[in-house]
>>> print(open('target.txt').read())   # compact mmCIF, C-alpha atoms and all ligand atoms
# COMPACT_ATOMS: atom_id res chain seq x y z
CA MET H 1 -7.03 -70.36 -46.39
CA PRO H 2 -4.26 -69.26 -44.07
CA GLY H 3 -5.00 -69.07 -40.37
CA ARG H 4 -3.96 -66.14 -38.19
CA LEU H 5 -0.91 -64.27 -39.48
CA ARG H 6 1.95 -64.57 -37.03
CA ARG H 7 5.18 -62.66 -36.76
CA GLY H 8 8.01 -64.43 -38.55
CA TRP H 9 5.49 -66.38 -40.63
CA THR H 10 6.29 -66.46 -44.33
CA CYS H 11 3.41 -66.40 -46.77
CA ALA H 12 4.26 -68.51 -49.81
CA HIS H 13 1.55 -66.81 -51.87
CA LEU H 14 2.54 -63.21 -51.19
CA ARG H 15 6.28 -64.00 -50.76
CA ILE H 16 6.48 -61.80 -47.69
CA THR H 17 7.66 -62.38 -44.16
CA LEU H 18 6.00 -60.56 -41.31
CA ARG H 19 8.59 -58.91 -39.11
CA PRO H 20 7.99 -57.46 -35.66
CA MET H 21 7.41 -53.71 -35.85
CA PRO H 22 8.67 -51.41 -33.11
CA HIS H 23 5.74 -50.08 -31.01
CA ASP H 24 3.46 -52.56 -32.76
CA HIS H 25 2.83 -54.33 -29.50
CA HIS H 26 4.38 -54.08 -26.05
CA ASP H 27 6.22 -57.37 -26.45
CA ASP H 28 7.72 -56.14 -29.70
CA HIS H 29 8.97 -52.87 -28.21
CA PRO H 30 12.72 -52.28 -28.61
CA HIS H 31 13.14 -52.17 -24.82
CA ALA H 32 11.70 -55.66 -24.60
CA LEU H 33 14.35 -56.90 -27.05
CA LEU H 34 17.19 -56.33 -24.59
CA PRO H 35 19.34 -59.39 -23.91
CA PRO H 36 18.16 -61.47 -20.97
CA GLU H 37 20.95 -60.14 -18.75
CA PRO H 38 21.18 -56.44 -19.69
CA ALA H 39 23.05 -55.64 -16.48
CA LEU H 40 25.76 -58.16 -17.40
CA ARG H 41 26.07 -56.74 -20.90
CA VAL H 42 26.41 -53.22 -19.51
CA LYS H 43 29.05 -54.37 -17.04
CA ALA H 44 30.98 -56.10 -19.84
CA LEU H 45 30.87 -52.97 -22.00
CA GLU H 46 31.93 -50.81 -19.07
CA THR H 47 34.90 -53.11 -18.39
CA ILE H 48 36.06 -53.03 -22.02
CA LEU H 49 35.70 -49.25 -22.29
CA ALA H 50 37.55 -48.73 -19.01
CA ARG H 51 40.37 -51.11 -20.06
CA LYS H 52 40.78 -49.21 -23.31
CA GLY H 53 40.95 -45.99 -21.32
CA LEU H 54 37.85 -44.59 -23.05
CA ILE H 55 35.90 -44.01 -19.85
CA ASP H 56 36.81 -43.31 -16.26
CA PRO H 57 34.80 -45.62 -13.97
CA ALA H 58 35.04 -43.05 -11.17
CA ALA H 59 33.41 -40.41 -13.39
CA LEU H 60 30.69 -42.89 -14.32
CA ASP H 61 30.02 -43.63 -10.63
CA GLU H 62 29.86 -39.88 -10.02
CA ILE H 63 27.19 -39.38 -12.72
CA ILE H 64 25.11 -42.27 -11.40
CA ASP H 65 25.44 -41.08 -7.80
CA THR H 66 24.39 -37.57 -8.87
CA TYR H 67 21.16 -38.71 -10.49
CA GLN H 68 20.42 -41.52 -8.04
CA ASN H 69 21.14 -39.88 -4.70
CA ARG H 70 21.89 -36.18 -4.95
CA ILE H 71 19.35 -35.03 -7.57
CA GLY H 72 16.73 -37.66 -7.46
CA PRO H 73 14.28 -37.10 -6.08
CA LYS H 74 15.25 -34.15 -3.89
CA ASN H 75 14.64 -31.47 -6.52
CA GLY H 76 11.11 -32.69 -7.11
CA ALA H 77 10.47 -32.83 -3.37
CA MET H 78 11.49 -29.19 -2.98
CA VAL H 79 9.13 -28.19 -5.80
CA VAL H 80 6.24 -30.06 -4.16
CA ALA H 81 6.97 -28.58 -0.72
CA ARG H 82 6.96 -25.09 -2.19
CA ALA H 83 3.69 -25.76 -3.98
CA TRP H 84 2.23 -26.80 -0.61
CA THR H 85 3.30 -23.59 1.10
CA ASP H 86 3.06 -20.95 -1.63
CA PRO H 87 -0.31 -20.70 -3.44
CA GLU H 88 1.07 -18.33 -6.06
CA PHE H 89 3.95 -20.73 -6.85
CA ARG H 90 1.49 -23.63 -6.97
CA ALA H 91 -0.72 -21.80 -9.48
CA ARG H 92 2.25 -20.98 -11.72
CA LEU H 93 3.52 -24.56 -11.46
CA LEU H 94 0.19 -26.01 -12.55
CA GLU H 95 0.03 -23.56 -15.40
CA ASN H 96 3.56 -23.89 -16.76
CA ALA H 97 5.75 -26.30 -14.83
CA THR H 98 8.54 -26.28 -17.42
CA ALA H 99 9.20 -22.56 -16.93
CA VAL H 100 8.82 -22.68 -13.15
CA VAL H 101 11.21 -25.58 -12.59
CA ALA H 102 13.66 -24.17 -15.14
CA ASP H 103 13.75 -20.95 -13.07
CA LEU H 104 14.83 -23.10 -10.13
CA GLY H 105 17.62 -24.57 -12.24
CA PHE H 106 15.95 -27.94 -12.79
CA PHE H 107 16.20 -28.45 -16.51
CA GLY H 108 18.24 -30.36 -19.06
CA ARG H 109 18.36 -33.92 -20.28
CA GLN H 110 15.04 -35.75 -19.98
CA GLY H 111 13.34 -32.75 -18.44
CA GLU H 112 12.61 -30.47 -21.36
CA HIS H 113 8.82 -30.35 -21.00
CA VAL H 114 7.36 -30.91 -17.58
CA VAL H 115 3.67 -30.92 -16.67
CA ALA H 116 2.59 -30.83 -13.02
CA VAL H 117 -0.61 -32.64 -12.07
CA GLU H 118 -2.17 -32.19 -8.66
CA ASN H 119 -3.78 -34.85 -6.49
CA THR H 120 -7.05 -33.92 -4.82
CA PRO H 121 -9.66 -35.88 -2.86
CA GLU H 122 -11.45 -36.31 -6.21
CA VAL H 123 -8.53 -37.31 -8.44
CA HIS H 124 -5.35 -39.29 -7.88
CA ASN H 125 -2.75 -38.97 -10.65
CA MET H 126 -0.37 -41.73 -11.65
CA VAL H 127 2.43 -41.58 -14.23
CA VAL H 128 3.68 -44.25 -16.60
CA CYS H 129 5.55 -44.42 -19.88
CA THR H 130 3.80 -47.17 -21.78
CA LEU H 131 6.34 -47.01 -24.61
CA CYS H 132 9.60 -47.08 -22.65
CA SER H 133 10.73 -45.19 -19.55
CA CYS H 134 10.35 -41.42 -20.06
CA TYR H 135 10.75 -39.75 -16.66
CA PRO H 136 11.59 -36.22 -15.40
CA TRP H 137 15.28 -36.81 -14.60
CA PRO H 138 16.16 -33.28 -13.41
CA LEU H 139 13.38 -33.52 -10.81
CA LEU H 140 13.31 -37.17 -9.81
CA GLY H 141 16.68 -38.60 -10.85
CA ILE H 142 16.98 -41.98 -12.56
CA PRO H 143 13.75 -43.97 -12.91
CA PRO H 144 13.47 -47.02 -10.66
CA ALA H 145 13.62 -50.48 -12.24
CA TRP H 146 9.90 -51.14 -11.72
CA TYR H 147 9.02 -48.00 -13.70
CA LYS H 148 10.80 -49.47 -16.73
CA SER H 149 9.33 -52.96 -16.34
CA ASP H 150 6.93 -54.39 -18.92
CA ALA H 151 4.54 -55.27 -16.10
CA TYR H 152 4.22 -51.73 -14.74
CA ARG H 153 4.04 -50.18 -18.20
CA SER H 154 1.11 -52.31 -19.26
CA ARG H 155 -0.71 -52.82 -15.97
CA ALA H 156 -0.63 -49.17 -14.85
CA VAL H 157 -3.04 -48.43 -17.69
CA ARG H 158 -5.10 -51.61 -17.53
CA GLU H 159 -5.58 -51.97 -13.79
CA PRO H 160 -4.22 -48.88 -12.02
CA ARG H 161 -6.06 -49.50 -8.74
CA LYS H 162 -4.65 -53.00 -8.46
CA VAL H 163 -1.14 -51.72 -9.17
CA LEU H 164 -1.61 -48.96 -6.57
CA ALA H 165 -2.73 -51.53 -4.00
CA GLU H 166 0.46 -53.51 -4.66
CA PHE H 167 2.40 -50.33 -3.90
CA GLY H 168 0.45 -50.08 -0.64
CA VAL H 169 -1.83 -47.27 -1.82
CA THR H 170 -5.53 -47.80 -1.25
CA LEU H 171 -7.70 -44.90 -2.32
CA PRO H 172 -11.28 -44.17 -1.29
CA PRO H 173 -13.66 -45.55 -3.93
CA GLU H 174 -14.88 -42.04 -4.75
CA THR H 175 -11.35 -40.95 -5.76
CA ALA H 176 -10.84 -41.35 -9.50
CA VAL H 177 -7.45 -42.51 -10.79
CA ARG H 178 -6.06 -40.64 -13.77
CA VAL H 179 -3.11 -42.24 -15.57
CA TRP H 180 -0.76 -40.03 -17.56
CA ASP H 181 1.35 -41.55 -20.32
CA SER H 182 4.76 -39.88 -20.57
CA THR H 183 6.51 -39.34 -23.86
CA ALA H 184 9.84 -37.94 -24.97
CA GLU H 185 7.97 -34.62 -25.26
CA VAL H 186 6.10 -34.50 -21.96
CA ARG H 187 7.17 -35.69 -18.49
CA TYR H 188 4.83 -35.48 -15.53
CA LEU H 189 5.33 -34.51 -11.91
CA VAL H 190 2.59 -35.49 -9.48
CA ILE H 191 1.91 -32.98 -6.71
CA PRO H 192 0.63 -35.22 -3.93
CA MET H 193 -1.79 -33.96 -1.28
CA ARG H 194 -0.14 -32.32 1.71
CA PRO H 195 -0.34 -34.69 4.68
CA ASP H 196 -2.45 -33.71 7.69
CA GLY H 197 -0.64 -32.46 10.77
CA THR H 198 2.07 -30.60 8.85
CA GLU H 199 0.82 -27.06 9.54
CA GLY H 200 3.88 -25.96 11.52
CA LEU H 201 6.52 -27.39 9.17
CA ASP H 202 8.76 -25.30 6.94
CA VAL H 203 9.59 -26.06 3.30
CA GLU H 204 12.66 -28.19 4.12
CA GLN H 205 10.78 -30.27 6.66
CA LEU H 206 7.91 -30.72 4.23
CA ALA H 207 10.26 -31.73 1.40
CA ALA H 208 11.59 -34.53 3.63
CA LEU H 209 8.09 -36.05 3.62
CA VAL H 210 7.83 -36.11 -0.18
CA THR H 211 8.87 -39.50 -1.51
CA ARG H 212 9.87 -40.33 -5.06
CA ASP H 213 6.89 -42.66 -5.47
CA SER H 214 4.49 -39.96 -4.28
CA MET H 215 5.65 -37.82 -7.20
CA VAL H 216 5.07 -40.68 -9.67
CA GLY H 217 1.70 -41.35 -8.10
CA THR H 218 2.50 -44.86 -6.89
CA GLY H 219 2.94 -43.69 -3.30
CA LEU H 220 1.78 -41.12 -0.79
CA PRO H 221 3.93 -38.66 1.15
CA LYS H 222 5.22 -39.75 4.56
CA ALA H 223 3.26 -38.75 7.63
CA PRO H 224 5.00 -36.22 9.91
CA ALA H 225 6.91 -37.78 12.82
FE FE H 301 9.60 -43.56 -22.56
>>> encode(input="target.txt", output="structure tokens", more="lines below")
Ligand code: FE
Amino acid sequence: MPGRLRRGWTCAHLRITLRPMPHDHHDDHPHALLPPEPALRVKALETILARKGLIDPAALDEIIDTYQNRIGPKNGAMVVARAWTDPEFRARLLENATAVVADLGFFGRQGEHVVAVENTPEVHNMVVCTLCSCYPWPLLGIPPAWYKSDAYRSRAVREPRKVLAEFGVTLPPETAVRVWDSTAEVRYLVIPMRPDGTEGLDVEQLAALVTRDSMVGTGLPKAPA
């Protein structure tokens, strides 16, 4: 009588070997099979490609800077600030975010289907990609390292309140936490609640209060100065 079947275990009777299946379990996910020093591997590849003249390191830096600093997360912040100030825009955004953000020019790679979810005193929304790292690039830029980590991907679903507390977000007990699992098909944008004391601010000033984390649901917008 065999005991528990384990991955890599060969059954002499059935003449089969159990192999890890992608998406079978978090630990077996392709992203978890990266070499222990992925950053080093990437650097090595970049060096080889640059030496062979196949890539221009300056162009690569430009692309990264675009997504890291210039796009992300300013586009998303502008969308949120507009939703705070324009009820008609907010209604359209909640109904069909993909079309609304595309009208603003925020579309393309990793942003094909966007759904906006709104925080209220009753519900706090939080976004994760349990499978890998799907994220609305055209709105928020490149996902932060923690978003791609195994710990965040599993714990955000299992113990969202605890994860939020570690991000410094403590919600009233009556506020429910809703966790949205991103996929290659759907990316989420959290519309955080507009902070108090921002009545006189214009859209630009409001956008400056909208942090990246507040649009993932792991943070809250900044308070006005
Ligand atoms: Fe993903």
>>> closest_residue(input="target.txt", among="H:Arg41, H:His124, H:Arg82, H:Lys52", to="Val203 of chain H", atoms="only C-alpha atoms")
H:Arg82
>>> atom_distance(input="target.txt", atom1="atom CA of Val115 of chain H", atom2="atom CA of Asp86 of chain H")
18.1 Å
>>> closest_atom_pairs(input="target.txt", of="chain H", to="ligand FE 301 (chain H)", cutoff="10 Å", atoms="all atoms listed in the file", output="Markdown table")
| residue | atom | partner | partner_atom | distance |
| --- | --- | --- | --- | --- |
| H:His31 | CA | H:FE301 | FE | 9.6 |
| H:Gln110 | CA | H:FE301 | FE | 9.9 |
| H:Val128 | CA | H:FE301 | FE | 8.4 |
| H:Cys129 | CA | H:FE301 | FE | 4.9 |
| H:Thr130 | CA | H:FE301 | FE | 6.9 |
| H:Leu131 | CA | H:FE301 | FE | 5.2 |
| H:Cys132 | CA | H:FE301 | FE | 3.5 |
| H:Ser133 | CA | H:FE301 | FE | 3.6 |
| H:Cys134 | CA | H:FE301 | FE | 3.4 |
| H:Tyr135 | CA | H:FE301 | FE | 7.1 |
| H:Tyr147 | CA | H:FE301 | FE | 9.9 |
| H:Lys148 | CA | H:FE301 | FE | 8.4 |
| H:Arg153 | CA | H:FE301 | FE | 9.7 |
| H:Asp181 | CA | H:FE301 | FE | 8.8 |
| H:Ser182 | CA | H:FE301 | FE | 6.4 |
| H:Thr183 | CA | H:FE301 | FE | 5.4 |
| H:Ala184 | CA | H:FE301 | FE | 6.1 |
| H:Glu185 | CA | H:FE301 | FE | 9.5 |
| H:Val186 | CA | H:FE301 | FE | 9.7 |
| H:Arg187 | CA | H:FE301 | FE | 9.2 |
>>> write_last_selection(input="target.txt", atoms="C-alpha atoms", output="PDB file, in the frame of the given file")
ATOM      1  CA  HIS H  31      13.140 -52.170 -24.820  1.00  0.00           C
ATOM      2  CA  GLN H 110      15.040 -35.750 -19.980  1.00  0.00           C
ATOM      3  CA  VAL H 128       3.680 -44.250 -16.600  1.00  0.00           C
ATOM      4  CA  CYS H 129       5.550 -44.420 -19.880  1.00  0.00           C
ATOM      5  CA  THR H 130       3.800 -47.170 -21.780  1.00  0.00           C
ATOM      6  CA  LEU H 131       6.340 -47.010 -24.610  1.00  0.00           C
ATOM      7  CA  CYS H 132       9.600 -47.080 -22.650  1.00  0.00           C
ATOM      8  CA  SER H 133      10.730 -45.190 -19.550  1.00  0.00           C
ATOM      9  CA  CYS H 134      10.350 -41.420 -20.060  1.00  0.00           C
ATOM     10  CA  TYR H 135      10.750 -39.750 -16.660  1.00  0.00           C
ATOM     11  CA  TYR H 147       9.020 -48.000 -13.700  1.00  0.00           C
ATOM     12  CA  LYS H 148      10.800 -49.470 -16.730  1.00  0.00           C
ATOM     13  CA  ARG H 153       4.040 -50.180 -18.200  1.00  0.00           C
ATOM     14  CA  ASP H 181       1.350 -41.550 -20.320  1.00  0.00           C
ATOM     15  CA  SER H 182       4.760 -39.880 -20.570  1.00  0.00           C
ATOM     16  CA  THR H 183       6.510 -39.340 -23.860  1.00  0.00           C
ATOM     17  CA  ALA H 184       9.840 -37.940 -24.970  1.00  0.00           C
ATOM     18  CA  GLU H 185       7.970 -34.620 -25.260  1.00  0.00           C
ATOM     19  CA  VAL H 186       6.100 -34.500 -21.960  1.00  0.00           C
ATOM     20  CA  ARG H 187       7.170 -35.690 -18.490  1.00  0.00           C
TER      21      ARG H 187
END
>>> atom_distance(input="target.txt", atom1="atom CA of Tyr152 of chain H", atom2="atom CA of Phe167 of chain H")
11.1 Å
>>> closest_residue(input="target.txt", among="H:Pro192, H:Pro87, H:Gly217, H:Pro138", to="Val163 of chain H", atoms="all atoms listed in the file")
H:Gly217
>>> residues_around(input="target.txt", residues="Thr66 of chain H", least_positions_apart="6", cutoff="10 Å", atoms="all atoms listed in the file", output="list of chain:residue names")
H:Leu60, H:Gly72, H:Gly141, H:Ile142
>>> atom_distance(input="target.txt", atom1="atom CA of Arg178 of chain H", atom2="atom CA of Glu204 of chain H")
28.7 Å
>>> closest_residue(input="target.txt", among="H:Leu54, H:Ala176, H:Val80, H:Val101", to="Pro195 of chain H", atoms="only C-alpha atoms")
H:Val80
